[in-house]
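Following: one structure in structure tokens, then a few remarks.
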Amino acid sequence: MATMTIAKAINEGLRASLAHDPKTLLMGEDIGELGGVYRVTDGLKREFGAMRVVDTPLAESGIIGTAIGLALRGYRPICEIQFDGFVFPGFNQITTQLAKLRTRSDGMLSAPVVIRIPYGGGIGSVEHHSESPEALFAHTAGLRIITPSNPQDAYWMIQQAVTCEDPVIVFEPKRRYWLKGDVDTRTPAADPFTAQVLRRGSDATVVAYGPLVPVALAAAAAAAEDGRSIEVIDLRSISPIDFDTVTASVTRTGRLVVAHEAPTFGGLGGEIAARISEWAFLSLEAPVIRVGGFHMPYPVARVEEQYLPDIDRILEALDRAFAY
Amino acid sequence: MATMTIAKAINEGLRASLAHDPKTLLMGEDIGELGGVYRVTDGLKREFGAMRVVDTPLAESGIIGTAIGLALRGYRPICEIQFDGFVFPGFNQITTQLAKLRTRSDGMLSAPVVIRIPYGGGIGSVEHHSESPEALFAHTAGLRIITPSNPQDAYWMIQQAVTCEDPVIVFEPKRRYWLKGDVDTRTPAADPFTAQVLRRGSDATVVAYGPLVPVALAAAAAAAEDGRSIEVIDLRSISPIDFDTVTASVTRTGRLVVAHEAPTFGGLGGEIAARISEWAFLSLEAPVIRVGGFHMPYPVARVEEQYLPDIDRILEALDRAFAY
Amino acid sequence: MNASRLPAAEFEAEEVLRAAHAADVGRDQEPGGEMLQVLSSDGSMAGGMAAEVAGSTVDFAPYLSATDAPHLRSLYRDMFLIRRFDQESTALQRQGQLALWVPLTGQEAAQIGSGRALQPQDYAFPTYREHGVALTRGVRFDEILRLFRGVTNGGWDPRERNFHLYTLVLAAQSLHAVGYAMGMQRDQLADPSLPQGVSVAYFGDGASSEGDIHESMVFAASFDAPVVFFCQNNQWAISVPSSVQTKVPLAKRAEGYGFPGVRVDGNDVVAVEAVMRWALEHARTGKGPVLIEAYTYRMSAHTTADDPTKYRLSRDEQEWQTRDPLARLEAYLRTAGLADESFFEELGAEARSMATDLREAVLSMTAPDLESRFAAVYAEPHPLVQEELRFFQQYEAGFADEGKHA
Amino acid sequence: MNASRLPAAEFEAEEVLRAAHAADVGRDQEPGGEMLQVLSSDGSMAGGMAAEVAGSTVDFAPYLSATDAPHLRSLYRDMFLIRRFDQESTALQRQGQLALWVPLTGQEAAQIGSGRALQPQDYAFPTYREHGVALTRGVRFDEILRLFRGVTNGGWDPRERNFHLYTLVLAAQSLHAVGYAMGMQRDQLADPSLPQGVSVAYFGDGASSEGDIHESMVFAASFDAPVVFFCQNNQWAISVPSSVQTKVPLAKRAEGYGFPGVRVDGNDVVAVEAVMRWALEHARTGKGPVLIEAYTYRMSAHTTADDPTKYRLSRDEQEWQTRDPLARLEAYLRTAGLADESFFEELGAEARSMATDLREAVLSMTAPDLESRFAAVYAEPHPLVQEELRFFQQYEAGFADEGKHA
Ligand SMILES: Cc1ncc(C[n+]2csc(CCOP(=O)(O)OP(=O)(O)O)c2C)c(N)n1
Ligand SMILES: Cc1ncc(C[n+]2csc(CCOP(=O)(O)OP(=O)(O)O)c2C)c(N)n1
Ligand SMILES: [Mg+2]
Ligand SMILES: [Mg+2]
């Protein structure tokens, strides 16, 4: 058991993957000498060499496209996209190739490519550095999408992504890179495609993932002071979504708030609300309330605090749910 | 009043736009001499010349990116993407540039680019030619997305898209290109960003758009024989969505089925279900039922009939709604 | 700006087309001395072939098979069979047995010449028209037609044939080819006793404009990847002439990335094979990528859904008839006395029986059912897919049980 | 494969870096005779400048301003001010007044030389480091800093300055520049009395690998668009040396598209200006696009968030100090007697007062509120935006009214 940040946990997870399987390799912009702009790959090039930790030319379609080719040759490439907003030049290769190869080949071919994307806001940065585009990938079948919210998950989920035969996108909550926690490097975390109940409660359920998990927990703690018992679920996997866990919870609590940083309109909160409204129709005492970003490009740093869902926004949503 | 197909109506609409505003121009692959693979731009190069109807190099990012530049110079480019599945090389320019220019410039710059995309299945075609990716654009603020379901709307909506100061994506239901109907070339269609109630009913509401509108109407007709009165709404605009019209309907009928060809998971049906479940919570007698594609790449031609939402799938969904 | 881009409303149809292509004819159809060739359109064979490539003179003589009669006959056989296959497939499409067909007639030399140069350990990434290359990699004709009958998006096991599936999103496969080559490079480092493989990216003149082609060349050059870019410039991207994609030979692109580019007569199977052998050796021996532009012509429509009379002159089509890749090799084989009449007769018979078998195979292809498609999306269990499959099964069962609506 | 790509675990830190860059030094820092230059690093000025460009010899003498003292002084002034601006902005960032800063020190000659060659009707599309070009287009220093203070993603009205907003997605603006040029072309056709404008796409060595750069060159060549591609090869894309993007001069890419490419000493403001004048004239007179590679060096960090000691040798940084674009022009102005001490003193004073004003302007910048952002998303009314705005206003009002949670 060691204490480390999420960034360090991913670094250690990548190290373990590289050490364990000679077919793994890291690819991306500035991941070598520099160790990535967030130092998540720090020291790995020095340790494993330039054939295993590859500073690529500056071209995201090139990164994903060549990773697919490497995977077809039996390798397990782990690509880094430098920031959420820069995944789009690679969108075509992800959506039309990576996701579809298995179906195209009637199940004959696998493309176990892992794509790491630091995502989300709250870091006071410039345009394209604070986005949450996960819904744009979740709609496409053939991909799996996970997002850790703590060091233990971070350490294990990256390794589980690497051993998965399907392509996996790992969205890393960049503003939590420095969040510390215990990591048990011997006992694997739970199946990465399942949700986890982080706090038990009986009056309402809050579902969150990635950077908003600490916010949801804090909101639940605040609500407890008002005498409300809130259950908090960390989704962990965005595609597939572990609806069984959410349904079971809502069936007990009767109320659901879903929170993500991504814009509400067309976001995954809609998918969750729609499905839970159907599956738990008779248990719901209030409509599912969504908390998310507004329908605008992620705003400039000076106003992002007003934009980002925070404890108060979740509490306000709970208030609305309790008003029914 | 003239009778024409949807393809011809768009052709006439484009002709009217080109004739009316010298700053408009068409850009795309094979739209000139050939008139487009669906002949939607037939004859326009001959009529307006190669500076107004431009056969571009084969590069979708290039098409959208140069269209943005032309728009910045005061032009109104109307881009054709040859098939739904080939929009992805242009996704970056649409998502990070076209959608964001206005916000980036604090409202100083407009980029009134129109992007026409034939979409949807049912044409017995090969991979990438039958997809419905509209949700991947709706989640991004800054874009408007519309889809006509009949010749009258097709004729007018393309022209309304061209005069709109915001970027507009027009999804054209390709398997309905040959659907005929009356076009009144003197009286403009309703505001393209509003929904229309196509059939009045009192027992349940079916919301559809684009290629599924005729299917929804046929399902309503079939249900009528079983004594059920179904209201049918043609959404017409996918972003924004005219929730007021849908809410008003559901408040009366108490039941809602949403149908689209796009995969259900992460599709716009989720957004509609989530919002209507909230706005009409106390009126809903059953959960909103979604009918859509399955979570798989659009399947090969020989099985697409089983895959595509049809009259029976909508009737089955209505049955489920009525079971509550 | 050139004249062809000015408004043309006042012209009549044929003139418009002529005007629109005036510039192209001079530019693209007379590529001058840059195009490598040994077997000219009249069927005469030059003694050798040499050219300036990336600053030094390359002698292609060691790579030429011009005097190897059995080999020339077998090249002719492949070209003949694949053309016959093309005709049969076109017929099958016309009869409604295929959803679509993508003809390759005119490009047999480019495809057979390049494909036959490959070694077993090499791996080719086609677009959607490389039926000739498929043949050289051992893909069966009926396997190719499965896609066009709409029963699969694949059709064969790429790992068995070292021939990837057709990729319909233009240029996407070019990056896969480079990545695959990077893998071959790593395999060799890990085990130097392995035969070094080369990866080949096939693409067309139209696709050359896509960003992915550029990125694949940047990556290939950066990592000295053992990859050959094989561009069939067949003059057309559906209705758009190659002059819209480029005004100079596409082979010249290579220089900008620092690796050799060669333009070869794509209708000369001997020259194509030689240039490809040279390029493969270049890549195989660690000297990095090569770009080959095979200058050829799509003699038929883009697909069976296309109507070329809308955009190109029959004059040009006729002109290219005289450069037919099969006719010239046949002429050479006959005049040089390398094949007698019986060879051509037997080949005709072989092709006829192939066509009959093919037709049978196509008619007996079974369509998958949707149920089976749920299993091909993910390698590992997936709750959403399982749930939707359950729904679908129950839904279908509902019909079986009680003969529901409609 | 070159040695620099082999595992290096056994090396020590400095050696690793040396080994990793061994190849680059010979390759990139000695570009040989291909690089155009008149003002050498020691401050001596050659009489003229000529080069082979796309097959014919171009004499740049008519475009040189080497003997025009007031002009040279004003070029120096711009370079001096922009460097001072850079230093002040770095300081402001260190003091927490800016979220981030992107320094340009080292690239003053490339930016001022190219920017000053533009005519009023021309239009430039920058990346995010073109503060020098911004200055030549009349953008105020404090307008540039608004983005870096996080109060806007823009900062000025591009239509007023004919200078587009910074674009952070690498290479995207290059296509906008080509499209803009296509618009200029059409404007001229409609009204030939208009002065023909040229559009300029600025990008870096790293961005050159993106597909959008390729597509922009394909479109520009295809339509003979009046556009100049201006690539500042400052040797680095954050931590990645330009040798990973290309092994040959980037200027060579142009040949593959059929238009001229020139490599110029990007630290020689006189040469840059001349080459840019020539290129603009080329594009302006309908001869089509040009690619200029300005060979320069990013003397500072990539951004204030970057630490270059992680990836490059202080040896190299020192070596480039000796090629400083300002120092060499200062030396020339002094030795040639074109500027006296008072010129430099006055300039120093001007810069100091500029810095003071700038600091004040930055500190008094007002942040927008989120409410105002709702209005900037769409030009026309939008029900979802209106609804969310209403929600937000009520939500905020809730706090004002009753001092809610937390
Ligand atoms: C990314 C993408 N855009 C558009 C298309 C539609 N399309 C299919 S083939 C074709 C022309 C291709 O021309 P070329 O690359 O020269 O190959 P050829 O068909 O001549 O063999 C087009 C535009 C596509 N398949 N992929
Ligand atoms: C599409 C995209 N990918 C990645 C980035 C992140 N990024 C910002 S600057 C940079 C390096 C750019 O290098 P270069 O083009 O040489 O320009 P320079 O910074 O040297 O001026 C990178 C990788 C980005 N902005 N856009
Ligand atoms: Mg072609
Ligand atoms: Mg750089």
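If you're wondering about the labels, chains in the structure tokens are A, B, ... by order shown, residues count from 1 in each chain, ligands from 1 in order shown.
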
What are the nearest atom pairs, with distances in Å to one decimal, for all residues of chain B that come at most 12 Å from ligand 2, using only C-alpha atoms and all ligand atoms, set out by chain and rising residue number as a tab-separated table?
residue	atom	partner	partner_atom_place_in_ligand_line	distance
B:Asn92	CA	ligand 2	1 (C)	8.9
B:Gln93	CA	ligand 2	1 (C)	10.6
B:Thr96	CA	ligand 2	1 (C)	9.8
B:Gln97	CA	ligand 2	1 (C)	11.5

May I have the residues within 10 Å of ligand 3, computed using only C-alpha atoms and all ligand atoms, as a list in words?
->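 Counting only C-alpha atoms and all ligand atoms, the residues within 10 Å of ligand 3 come out as Arg129, Phe203, Gly204, Asp205, Gly206, Ala207, Ser208, Cys231, Gln232, Asn233, Asn234, Gln235, Trp236, Ala237, Ile238, Ser239, Val240, Pro241, Ser242, Thr296, Tyr297, Arg298 and His302 of chain C.
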
Write down, as a ChimeraX atom specification, each residue of chain D that has any atom within 6 Å of an atom of chain B, counting only C-alpha atoms.
-> /D:153-154,175-180,183,215,376-379

Residues of chain D that approach chain C to 9 Å or less, counting only C-alpha atoms: could you list each one with the shortest pair of atoms and its distance in Å to one decimal, rows by chain and increasing residue number, as CSV?
residue,atom,partner,partner_atom,distance
D:Met1,CA,C:Asp224,CA,5.7
D:Asn2,CA,C:Asp224,CA,8.3
D:Arg5,CA,C:Phe223,CA,8.6
D:Gln185,CA,C:Met1,CA,8.9
D:Ser209,CA,C:Glu215,CA,6.2
D:Glu210,CA,C:Glu215,CA,6.5
D:Gly211,CA,C:Gly211,CA,3.6
D:Asp212,CA,C:Gly211,CA,6.0
D:Ile213,CA,C:Gly211,CA,7.9
D:His214,CA,C:Gly211,CA,5.9
D:Glu215,CA,C:Gly211,CA,5.9
D:Val218,CA,C:Ser209,CA,6.4
D:Phe219,CA,C:Gln245,CA,7.8
D:Ala221,CA,C:Thr246,CA,7.2
D:Ser222,CA,C:Val244,CA,5.5
D:Phe223,CA,C:Met1,CA,6.6
D:Asp224,CA,C:Met1,CA,5.6
D:Ala225,CA,C:Met1,CA,8.0
D:Ser243,CA,C:Ser222,CA,7.6
D:Val244,CA,C:Ser222,CA,5.5
D:Gln245,CA,C:Ser222,CA,6.3
D:Thr246,CA,C:Ser222,CA,6.3
D:Lys247,CA,C:Gly258,CA,6.3
D:Val248,CA,C:Gly258,CA,5.6
D:Pro249,CA,C:Gly256,CA,8.0
D:Leu250,CA,C:Gly256,CA,7.1
D:Ala251,CA,C:Gly256,CA,7.8
D:Lys252,CA,C:Gly256,CA,4.8
D:Arg253,CA,C:Gly256,CA,3.8
D:Ala254,CA,C:Gly256,CA,7.0
D:Glu255,CA,C:Gly256,CA,6.8
D:Gly256,CA,C:Arg253,CA,3.8
D:Tyr257,CA,C:Thr246,CA,6.4
D:Gly258,CA,C:Val248,CA,5.6
D:Gly286,CA,C:Met1,CA,6.8
D:Lys287,CA,C:Met1,CA,8.1
D:Gly288,CA,C:Met1,CA,8.1

Residues at most 12 Å from Glu281 of chain C, counting only C-alpha atoms, excluding those fewer than 5 positions away in the same chain, as a PyMOL selection string?
-> chain C and resi 60+62-63+117-119+122+196-199+226-228+274-276+286-290

Using DSSP on the backbone, list every residue of segment 206-254 of chain D that comes out as helix (DSSP H, G or I), and give them as a compact mmCIF listing (two decimals) with N, CA and C atoms, in the first residue's frame.
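Wrote selection_21.txt, looks like this:
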# COMPACT_ATOMS: atom_id res chain seq x y z
N ALA D 207 3.44 21.77 -36.30
CA ALA D 207 2.14 21.75 -36.98
C ALA D 207 2.25 21.25 -38.41
N SER D 208 3.42 21.36 -39.00
CA SER D 208 3.57 20.94 -40.40
C SER D 208 3.19 19.47 -40.59
N SER D 209 3.20 18.69 -39.52
CA SER D 209 2.87 17.26 -39.66
C SER D 209 1.37 16.99 -39.70
N GLY D 211 -2.47 16.82 -40.83
CA GLY D 211 -3.13 16.65 -42.12
C GLY D 211 -3.67 17.96 -42.69
N ASP D 212 -4.09 18.87 -41.82
CA ASP D 212 -4.67 20.12 -42.33
C ASP D 212 -3.66 20.95 -43.13
N ILE D 213 -2.38 20.85 -42.77
CA ILE D 213 -1.38 21.59 -43.54
C ILE D 213 -1.35 21.04 -44.97
N HIS D 214 -1.37 19.74 -45.07
CA HIS D 214 -1.38 19.10 -46.39
C HIS D 214 -2.61 19.52 -47.19
N GLU D 215 -3.76 19.38 -46.59
CA GLU D 215 -4.99 19.70 -47.33
C GLU D 215 -4.99 21.17 -47.74
N SER D 216 -4.45 22.02 -46.91
CA SER D 216 -4.43 23.44 -47.29
C SER D 216 -3.50 23.65 -48.49
N MET D 217 -2.42 22.91 -48.55
CA MET D 217 -1.52 23.06 -49.70
C MET D 217 -2.15 22.47 -50.96
N VAL D 218 -2.86 21.36 -50.80
CA VAL D 218 -3.54 20.77 -51.94
C VAL D 218 -4.59 21.74 -52.50
N PHE D 219 -5.40 22.30 -51.63
CA PHE D 219 -6.43 23.24 -52.09
C PHE D 219 -5.79 24.48 -52.71
N ALA D 220 -4.77 25.01 -52.06
CA ALA D 220 -4.13 26.22 -52.57
C ALA D 220 -3.57 26.00 -53.96
N ALA D 221 -2.92 24.86 -54.15
CA ALA D 221 -2.35 24.56 -55.47
C ALA D 221 -3.46 24.35 -56.49
N SER D 222 -4.48 23.64 -56.08
CA SER D 222 -5.55 23.30 -57.02
C SER D 222 -6.24 24.56 -57.55
N SER D 242 12.56 19.22 -34.48
CA SER D 242 11.94 19.22 -35.80
C SER D 242 12.37 18.00 -36.62
N SER D 243 13.46 17.36 -36.23
CA SER D 243 13.90 16.17 -36.98
C SER D 243 12.91 15.02 -36.86
N VAL D 244 12.03 15.07 -35.86
CA VAL D 244 10.98 14.04 -35.77
C VAL D 244 9.86 14.32 -36.77
N GLN D 245 9.69 15.58 -37.12
CA GLN D 245 8.65 15.93 -38.08
C GLN D 245 9.14 15.75 -39.52
N LEU D 250 11.75 21.75 -44.52
CA LEU D 250 10.30 21.79 -44.74
C LEU D 250 9.96 22.52 -46.03
N ALA D 251 10.80 23.45 -46.44
CA ALA D 251 10.54 24.20 -47.68
C ALA D 251 10.37 23.26 -48.86
N LYS D 252 11.00 22.09 -48.80
CA LYS D 252 10.93 21.15 -49.92
C LYS D 252 9.53 20.59 -50.13
N ARG D 253 8.69 20.64 -49.11
CA ARG D 253 7.33 20.12 -49.27
C ARG D 253 6.62 20.76 -50.45
N ALA D 254 6.91 22.04 -50.69
CA ALA D 254 6.18 22.79 -51.71
C ALA D 254 6.28 22.14 -53.09

Contact residues around Asp182 of chain B with only C-alpha atoms at 9 Å, ignoring same-chain residues under 5 positions, as a PDB file with C-alpha atoms, in the first residue's frame:
ATOM      1  CA  MET B   1     -47.393  24.700 -56.331  1.00  0.00           C
ATOM      2  CA  ALA B   2     -45.318  21.980 -57.961  1.00  0.00           C
ATOM      3  CA  THR B   3     -44.837  18.297 -57.241  1.00  0.00           C
ATOM      4  CA  MET B   4     -41.267  17.153 -56.844  1.00  0.00           C
ATOM      5  CA  THR B   5     -39.005  14.758 -54.997  1.00  0.00           C
ATOM      6  CA  ASN B 150     -40.707  16.199 -47.088  1.00  0.00           C
ATOM      7  CA  PRO B 151     -40.171  18.214 -50.285  1.00  0.00           C
ATOM      8  CA  GLN B 152     -41.783  21.402 -49.014  1.00  0.00           C
TER       9      GLN B 152
END

Chain A contacts on chain B, only C-alpha atoms, 6 Å, as a list in words |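 Contact residues on the first chain: Phe88, Pro89, Asn92, Leu136, His139, Ala141, Phe265, Gly266, Gly270, Glu271, Ala273, Ala274, Glu278, Pro287, His295 and Met296 of chain B.
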
Counting only C-alpha atoms, the residue of A:Leu235, A:Ile115, A:Leu98, A:Ala189 that sits nearest Val170 of chain A =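 Checking each of A:Leu235, A:Ile115, A:Leu98, A:Ala189 against Val170 of chain A, counting only C-alpha atoms, the winner is A:Ile115.
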
Computed interatomic separation between atom CA of Asp142 of chain C and atom CA of Ala339 of chain C (Å) =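 Straight-line distance from atom CA of Asp142 of chain C to atom CA of Ala339 of chain C works out to 29.1 Å.
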
Expressed in Å to a single decimal, how great is the separation between atom CA of Ser300 of chain C and atom CA of Gly132 of chain C?
->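 Atom CA of Gly132 of chain C lies at a distance of 15.2 Å from atom CA of Ser300 of chain C.
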
Would you list the contacts of Arg255 of chain A as a list in words, taking every protein, DNA or RNA residue within 10 Å and counting only C-alpha atoms, but skipping same-chain residues closer than 2 positions in sequence?
-> Ser202, Asp203, Ala204, Thr205, Val206, Ile230, Glu231, Ser249, Val250, Thr251, Arg252, Thr253, Val257, Ala280, Ser283, Leu284, Glu285, Ala286, Pro287, Val288, Ile289, Leu318, Ala321, Phe322 and Tyr324 of chain A

Polymer residues at most 10 Å from Pro214 of chain B, only C-alpha atoms, same-chain spacing of 3 or more positions, as a list of chain:residue names = B:Ser149, B:Asn150, B:Arg176, B:Leu179, B:Ala208, B:Tyr209, B:Gly210, B:Pro211, B:Leu217, B:Ala218, B:Ala219, B:Ala220, B:Val232, B:Asp234, B:Asp310, B:Ile311

By how many Å are atom CA of Ala294 of chain D and atom CA of Leu36 of chain D apart?
->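 So the answer is 9.4 Å.
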